[in-house]
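Visitor: File name start-v6.txt; file contents compact mmCIF, C-alpha atoms and all ligand atoms; full text below.
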# COMPACT_ATOMS: atom_id res chain seq x y z
CA MET A 25 -87.37 28.56 15.14
CA THR A 26 -86.79 25.24 13.41
CA LEU A 27 -88.51 22.20 14.88
CA THR A 28 -85.16 20.96 16.18
CA ALA A 29 -84.63 24.26 17.97
CA GLN A 30 -88.17 24.13 19.33
CA TYR A 31 -87.55 20.61 20.59
CA HIS A 32 -84.39 21.66 22.43
CA ASP A 33 -86.14 24.76 23.79
CA ILE A 34 -88.94 22.66 25.32
CA GLN A 35 -86.41 20.15 26.67
CA ASN A 36 -84.49 23.01 28.31
CA ARG A 37 -87.67 24.47 29.82
CA ILE A 38 -88.60 21.08 31.26
CA ALA A 39 -85.12 20.66 32.73
CA ALA A 40 -85.22 24.17 34.24
CA ALA A 41 -88.68 23.58 35.74
CA ALA A 42 -87.50 20.29 37.24
CA VAL A 43 -84.42 21.92 38.80
CA GLU A 44 -86.55 24.77 40.15
CA SER A 45 -88.82 22.27 41.93
CA GLY A 46 -85.90 20.25 43.25
CA ARG A 47 -86.81 17.34 41.03
CA ALA A 48 -84.70 15.16 38.75
CA ARG A 49 -85.04 15.79 35.01
CA ALA A 50 -85.34 12.04 34.52
CA ASP A 51 -88.56 12.03 36.58
CA VAL A 52 -90.41 14.00 33.90
CA THR A 53 -91.26 12.45 30.54
CA LEU A 54 -92.05 14.67 27.58
CA ILE A 55 -94.96 13.30 25.58
CA ALA A 56 -94.94 14.98 22.16
CA VAL A 57 -98.61 15.30 21.22
CA SER A 58 -98.61 14.70 17.46
CA LYS A 59 -102.37 14.63 16.79
CA GLN A 60 -103.34 16.53 13.63
CA GLN A 61 -99.74 17.35 12.82
CA PRO A 62 -98.28 16.91 9.33
CA GLU A 63 -96.02 13.92 8.84
CA ALA A 64 -92.96 16.11 8.07
CA ARG A 65 -93.08 17.69 11.53
CA ILE A 66 -93.27 14.29 13.18
CA THR A 67 -90.32 13.05 11.16
CA ALA A 68 -88.35 16.15 12.20
CA MET A 69 -89.16 15.46 15.86
CA LEU A 70 -88.05 11.84 15.49
CA GLU A 71 -84.81 12.99 13.91
CA ALA A 72 -84.28 15.43 16.77
CA GLY A 73 -84.40 12.41 19.07
CA GLN A 74 -87.94 12.43 20.51
CA ARG A 75 -89.35 8.93 21.01
CA VAL A 76 -92.46 9.34 23.18
CA PHE A 77 -95.59 10.52 21.37
CA GLY A 78 -99.20 11.12 22.34
CA GLU A 79 -102.26 10.72 20.14
CA ASN A 80 -105.92 11.21 20.94
CA ARG A 81 -107.55 9.15 18.19
CA VAL A 82 -106.96 5.45 17.66
CA GLN A 83 -107.61 5.38 13.89
CA GLU A 84 -105.43 8.40 13.14
CA ALA A 85 -102.64 7.01 15.28
CA LYS A 86 -102.82 3.58 13.66
CA GLN A 87 -102.51 5.01 10.15
CA ARG A 88 -99.62 7.22 11.10
CA TRP A 89 -97.55 5.09 13.42
CA THR A 90 -97.80 1.53 12.13
CA SER A 91 -95.13 2.11 9.47
CA LEU A 92 -93.00 4.48 11.60
CA ARG A 93 -92.87 1.81 14.29
CA ALA A 94 -90.92 -0.44 11.95
CA VAL A 95 -88.33 2.32 11.42
CA TYR A 96 -88.18 3.41 15.08
CA PRO A 97 -88.63 0.29 17.23
CA ASP A 98 -87.88 2.24 20.42
CA LEU A 99 -90.98 4.42 20.06
CA ALA A 100 -93.50 4.71 22.89
CA LEU A 101 -97.05 5.70 22.00
CA HIS A 102 -99.44 7.09 24.60
CA LEU A 103 -103.20 7.27 24.11
CA ILE A 104 -104.33 10.56 25.67
CA GLY A 105 -107.84 10.87 24.18
CA PRO A 106 -111.17 9.27 25.07
CA LEU A 107 -111.40 5.59 24.17
CA GLN A 108 -114.58 3.90 22.90
CA THR A 109 -114.93 0.24 23.80
CA ASN A 110 -115.19 -0.76 20.11
CA LYS A 111 -111.66 0.63 19.57
CA VAL A 112 -110.10 -1.21 22.48
CA ARG A 113 -108.61 -4.00 20.38
CA ASP A 114 -106.72 -1.60 18.09
CA ALA A 115 -105.72 0.59 21.02
CA VAL A 116 -104.18 -2.29 22.97
CA ALA A 117 -102.34 -3.50 19.89
CA LEU A 118 -100.89 -0.09 19.06
CA PHE A 119 -100.33 1.89 22.24
CA ASP A 120 -97.87 1.40 25.10
CA VAL A 121 -99.64 3.48 27.76
CA ILE A 122 -103.35 4.37 28.12
CA HIS A 123 -104.05 7.65 29.97
CA THR A 124 -107.82 7.74 29.76
CA VAL A 125 -109.39 4.91 31.75
CA ASP A 126 -112.57 6.57 33.01
CA ARG A 127 -115.44 4.08 33.38
CA GLU A 128 -116.11 0.51 34.43
CA SER A 129 -117.15 -0.74 30.98
CA LEU A 130 -113.86 0.51 29.52
CA ALA A 131 -111.79 -0.93 32.37
CA LEU A 132 -113.44 -4.31 31.81
CA ALA A 133 -112.91 -4.23 28.06
CA LEU A 134 -109.26 -3.17 28.44
CA ALA A 135 -108.51 -5.85 31.02
CA LYS A 136 -110.04 -8.53 28.81
CA GLU A 137 -108.26 -7.38 25.65
CA MET A 138 -104.88 -6.98 27.37
CA GLN A 139 -105.14 -10.52 28.61
CA LYS A 140 -106.13 -11.75 25.16
CA GLN A 141 -103.21 -10.00 23.45
CA ASN A 142 -100.88 -10.67 26.38
CA ARG A 143 -100.08 -6.94 26.55
CA PRO A 144 -100.56 -5.80 30.16
CA LEU A 145 -100.17 -2.07 29.41
CA PRO A 146 -99.65 0.55 32.10
CA CYS A 147 -102.80 2.67 32.49
CA LEU A 148 -103.80 5.95 34.09
CA ILE A 149 -107.20 6.94 35.38
CA GLN A 150 -108.52 10.21 33.97
CA VAL A 151 -110.05 12.43 36.63
CA ASN A 152 -112.52 15.17 35.70
CA THR A 153 -111.11 17.58 38.30
CA GLY A 154 -113.33 20.44 37.12
CA LEU A 155 -116.48 18.28 37.08
CA GLU A 156 -117.21 19.49 33.55
CA PRO A 157 -120.21 17.66 32.08
CA GLN A 158 -118.78 17.57 28.53
CA LYS A 159 -115.40 16.23 29.63
CA SER A 160 -114.31 12.62 30.16
CA GLY A 161 -112.92 11.42 33.44
CA ILE A 162 -114.39 10.22 36.68
CA ALA A 163 -115.32 12.48 39.57
CA ALA A 164 -112.74 12.67 42.36
CA GLN A 165 -115.24 11.28 44.88
CA ASP A 166 -115.59 8.13 42.78
CA LEU A 167 -111.84 7.62 42.38
CA PRO A 168 -111.09 5.28 45.32
CA ALA A 169 -113.83 2.82 44.37
CA PHE A 170 -112.99 3.02 40.68
CA HIS A 171 -109.29 2.46 41.34
CA THR A 172 -110.13 -0.60 43.42
CA PHE A 173 -112.40 -1.84 40.63
CA CYS A 174 -109.65 -1.45 38.01
CA ARG A 175 -107.13 -3.30 40.17
CA GLY A 176 -109.68 -6.01 40.74
CA GLN A 177 -109.84 -6.52 36.99
CA GLY A 178 -106.07 -6.86 36.90
CA LEU A 179 -105.35 -3.51 35.22
CA ASN A 180 -101.92 -2.08 35.91
CA ILE A 181 -102.92 1.40 37.12
CA ILE A 182 -99.80 3.54 37.48
CA GLY A 183 -101.22 7.04 37.90
CA LEU A 184 -103.75 9.78 37.23
CA MET A 185 -104.37 12.18 34.36
CA CYS A 186 -106.34 15.42 34.14
CA ILE A 187 -107.18 18.24 31.74
CA PRO A 188 -107.99 21.39 33.72
CA PRO A 189 -110.98 23.47 32.59
CA VAL A 190 -110.16 26.29 30.19
CA GLY A 191 -110.11 29.65 31.97
CA GLU A 192 -109.44 28.25 35.43
CA GLN A 193 -106.14 28.30 37.29
CA ALA A 194 -104.50 25.08 36.18
CA ALA A 195 -102.36 25.01 39.33
CA LEU A 196 -105.41 24.31 41.51
CA HIS A 197 -106.23 21.27 39.42
CA PHE A 198 -102.64 20.05 39.34
CA GLY A 199 -102.39 20.35 43.13
CA PHE A 200 -105.68 18.51 43.51
CA LEU A 201 -104.56 15.67 41.22
CA LEU A 202 -101.30 15.37 43.20
CA THR A 203 -103.28 15.04 46.44
CA LEU A 204 -105.54 12.38 44.91
CA ALA A 205 -102.56 10.42 43.58
CA ARG A 206 -100.92 10.44 47.00
CA GLN A 207 -104.13 9.23 48.63
CA GLU A 208 -104.31 6.39 46.13
CA GLY A 209 -100.62 5.56 46.38
CA LEU A 210 -100.05 6.27 42.69
CA ALA A 211 -96.71 7.58 41.42
CA GLN A 212 -97.47 8.86 37.93
CA LEU A 213 -99.14 12.18 37.14
CA SER A 214 -100.03 13.03 33.53
CA MET A 215 -100.73 16.76 33.55
CA GLY A 216 -99.57 19.96 31.88
CA MET A 217 -99.82 20.99 28.23
CA SER A 218 -98.19 23.70 26.09
CA GLU A 219 -99.51 26.58 28.19
CA ASP A 220 -98.82 25.21 31.63
CA PHE A 221 -96.35 22.32 31.65
CA GLU A 222 -93.88 24.18 33.87
CA THR A 223 -96.58 24.76 36.48
CA ALA A 224 -97.53 21.09 36.24
CA ILE A 225 -93.91 20.07 36.88
CA ALA A 226 -93.89 22.25 40.01
CA PHE A 227 -96.92 20.23 41.20
CA GLY A 228 -95.29 16.89 40.54
CA ALA A 229 -96.16 16.04 36.93
CA THR A 230 -94.21 12.99 35.73
CA MET A 231 -95.59 13.14 32.17
CA VAL A 232 -96.26 16.42 30.39
CA ARG A 233 -98.30 16.37 27.18
CA VAL A 234 -96.99 19.09 24.87
CA GLY A 235 -98.39 19.61 21.37
CA SER A 236 -98.47 23.06 19.79
CA ALA A 237 -95.51 24.52 21.71
CA LEU A 238 -93.40 21.73 20.24
CA PHE A 239 -94.80 21.25 16.73
CA GLY A 240 -96.51 24.57 16.02
CA ALA A 241 -100.26 25.11 15.57
CA ARG A 242 -102.31 22.10 14.47
CA ASP A 243 -104.11 21.92 11.08
C1 LIG B 301 -104.16 18.04 22.32
C2 LIG B 301 -103.87 17.59 23.69
C3 LIG B 301 -102.72 18.02 24.38
C4 LIG B 301 -101.71 18.98 23.79
O1 LIG B 301 -102.23 20.28 23.77
P1 LIG B 301 -101.29 21.55 23.41
O2 LIG B 301 -102.02 22.68 24.02
O3 LIG B 301 -101.20 21.62 21.94
O4 LIG B 301 -99.98 21.32 24.06
C5 LIG B 301 -102.49 17.51 25.64
N1 LIG B 301 -103.35 16.66 26.22
C6 LIG B 301 -104.47 16.23 25.60
C7 LIG B 301 -105.36 15.28 26.30
C8 LIG B 301 -104.77 16.69 24.33
O5 LIG B 301 -105.89 16.25 23.73
Turn the structure described in the file into structure tokens.
Guide:
Amino acid sequence: MTLTAQYHDIQNRIAAAAVESGRARADVTLIAVSKQQPEARITAMLEAGQRVFGENRVQEAKQRWTSLRAVYPDLALHLIGPLQTNKVRDAVALFDVIHTVDRESLALALAKEMQKQNRPLPCLIQVNTGLEPQKSGIAAQDLPAFHTFCRGQGLNIIGLMCIPPVGEQAALHFGFLLTLARQEGLAQLSMGMSEDFETAIAFGATMVRVGSALFGARD
């Protein structure tokens, strides 16, 4: 399949999954995860019409997207990887949505920098639903207090994000994240990747993060 065909295939699968769950197609945003993908594939995706992209590293994203931004002013860039506080300035300048707010020091740094740059970006809190020690995200039991803390700093928290543990049923984690979001009164759910985005849509995902199924295997 050409990249254009792959793009339309994923779009069709998202639309079908939305219909199947009685949801509107417009309620699900496809985030094309372009990390570690060659420039030519990204250009092809832009030409196919995709405008929302996800990256997990600030430096890599800055190098790649600064010039493309000038050509495609309607781009939206989502940071979906862990963020170190020393990269907050670049991240706030470059990205439009931050999915990985996961600790107080980061929330503080983001709030301060967004104020400084006058860029009050929408943010999501990453939840470590599988309580994996090596994975970012806060524990579900700490979510209410952390959410309150973020709001107190003036952060615009719009939803929750998770990455289910490899080898576990993703659906359990998606259902859990949906429950947490409802409890917190949050509308946005960033969940579902190449292997499981249709399941995520059935559980209410509003943003699916699809990389390899869209672009092909990464370098
Ligand atoms: C890489 C990545 C994805 C995309 O993964 P694929 O399996 O290639 O679709 C989604 N979310 C996050 C946080 C990632 O780091």
Visitor: Pick from A:Leu99, A:Ile34, A:Leu167, A:Val232: nearest to ligand LIG 301 (chain B), with only C-alpha atoms and all ligand atoms counted?
Guide: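 Under the stated criterion, the closest residue is A:Val232.
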Visitor: Which residues are near ligand LIG 301 (chain B) - at most 6 Å, using all atoms listed in the file? Format: as an MDAnalysis selection string.
Guide: chainID A and resid 57 80 104:105 217:218 233:237
Visitor: I'd like to know which of A:Ala164, A:Leu70, A:Val151, A:Ala94 is closest to A:Pro188, using only C-alpha atoms.
Guide: A:Val151
Visitor: Determine the nearest neighbour of A:Asp243 from the options A:Thr26, A:Gln61, A:Ser45, A:Gln141, counting all atoms listed in the file.
Guide: A:Gln61
Visitor: So that I can see what lies close to stretch 227-231 of chain A, please list as a PyMOL selection string the residues with an atom at most 8 Å from it, counting all atoms listed in the file and leaving out residues fewer than 3 positions away in the same chain.
Guide: chain A and resi 51-55+195+198-199+202+212-216+223-224
Visitor: Generate a file of the selected residues that holds C-alpha atoms, formatted as a short mmCIF file (atom, residue, chain, number, x, y, z; two decimals), in the frame of the given file.
Guide:
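result-v6.cif, written as the output of this step:
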data_model
loop_
_atom_site.label_atom_id
_atom_site.label_comp_id
_atom_site.auth_asym_id
_atom_site.auth_seq_id
_atom_site.Cartn_x
_atom_site.Cartn_y
_atom_site.Cartn_z
CA ASP A 51 -88.56 12.03 36.58
CA VAL A 52 -90.41 14.00 33.90
CA THR A 53 -91.26 12.45 30.54
CA LEU A 54 -92.05 14.67 27.58
CA ILE A 55 -94.96 13.30 25.58
CA ALA A 195 -102.36 25.01 39.33
CA PHE A 198 -102.64 20.05 39.34
CA GLY A 199 -102.39 20.35 43.13
CA LEU A 202 -101.30 15.37 43.20
CA GLN A 212 -97.47 8.86 37.93
CA LEU A 213 -99.14 12.18 37.14
CA SER A 214 -100.03 13.03 33.53
CA MET A 215 -100.73 16.76 33.55
CA GLY A 216 -99.57 19.96 31.88
CA THR A 223 -96.58 24.76 36.48
CA ALA A 224 -97.53 21.09 36.24
#
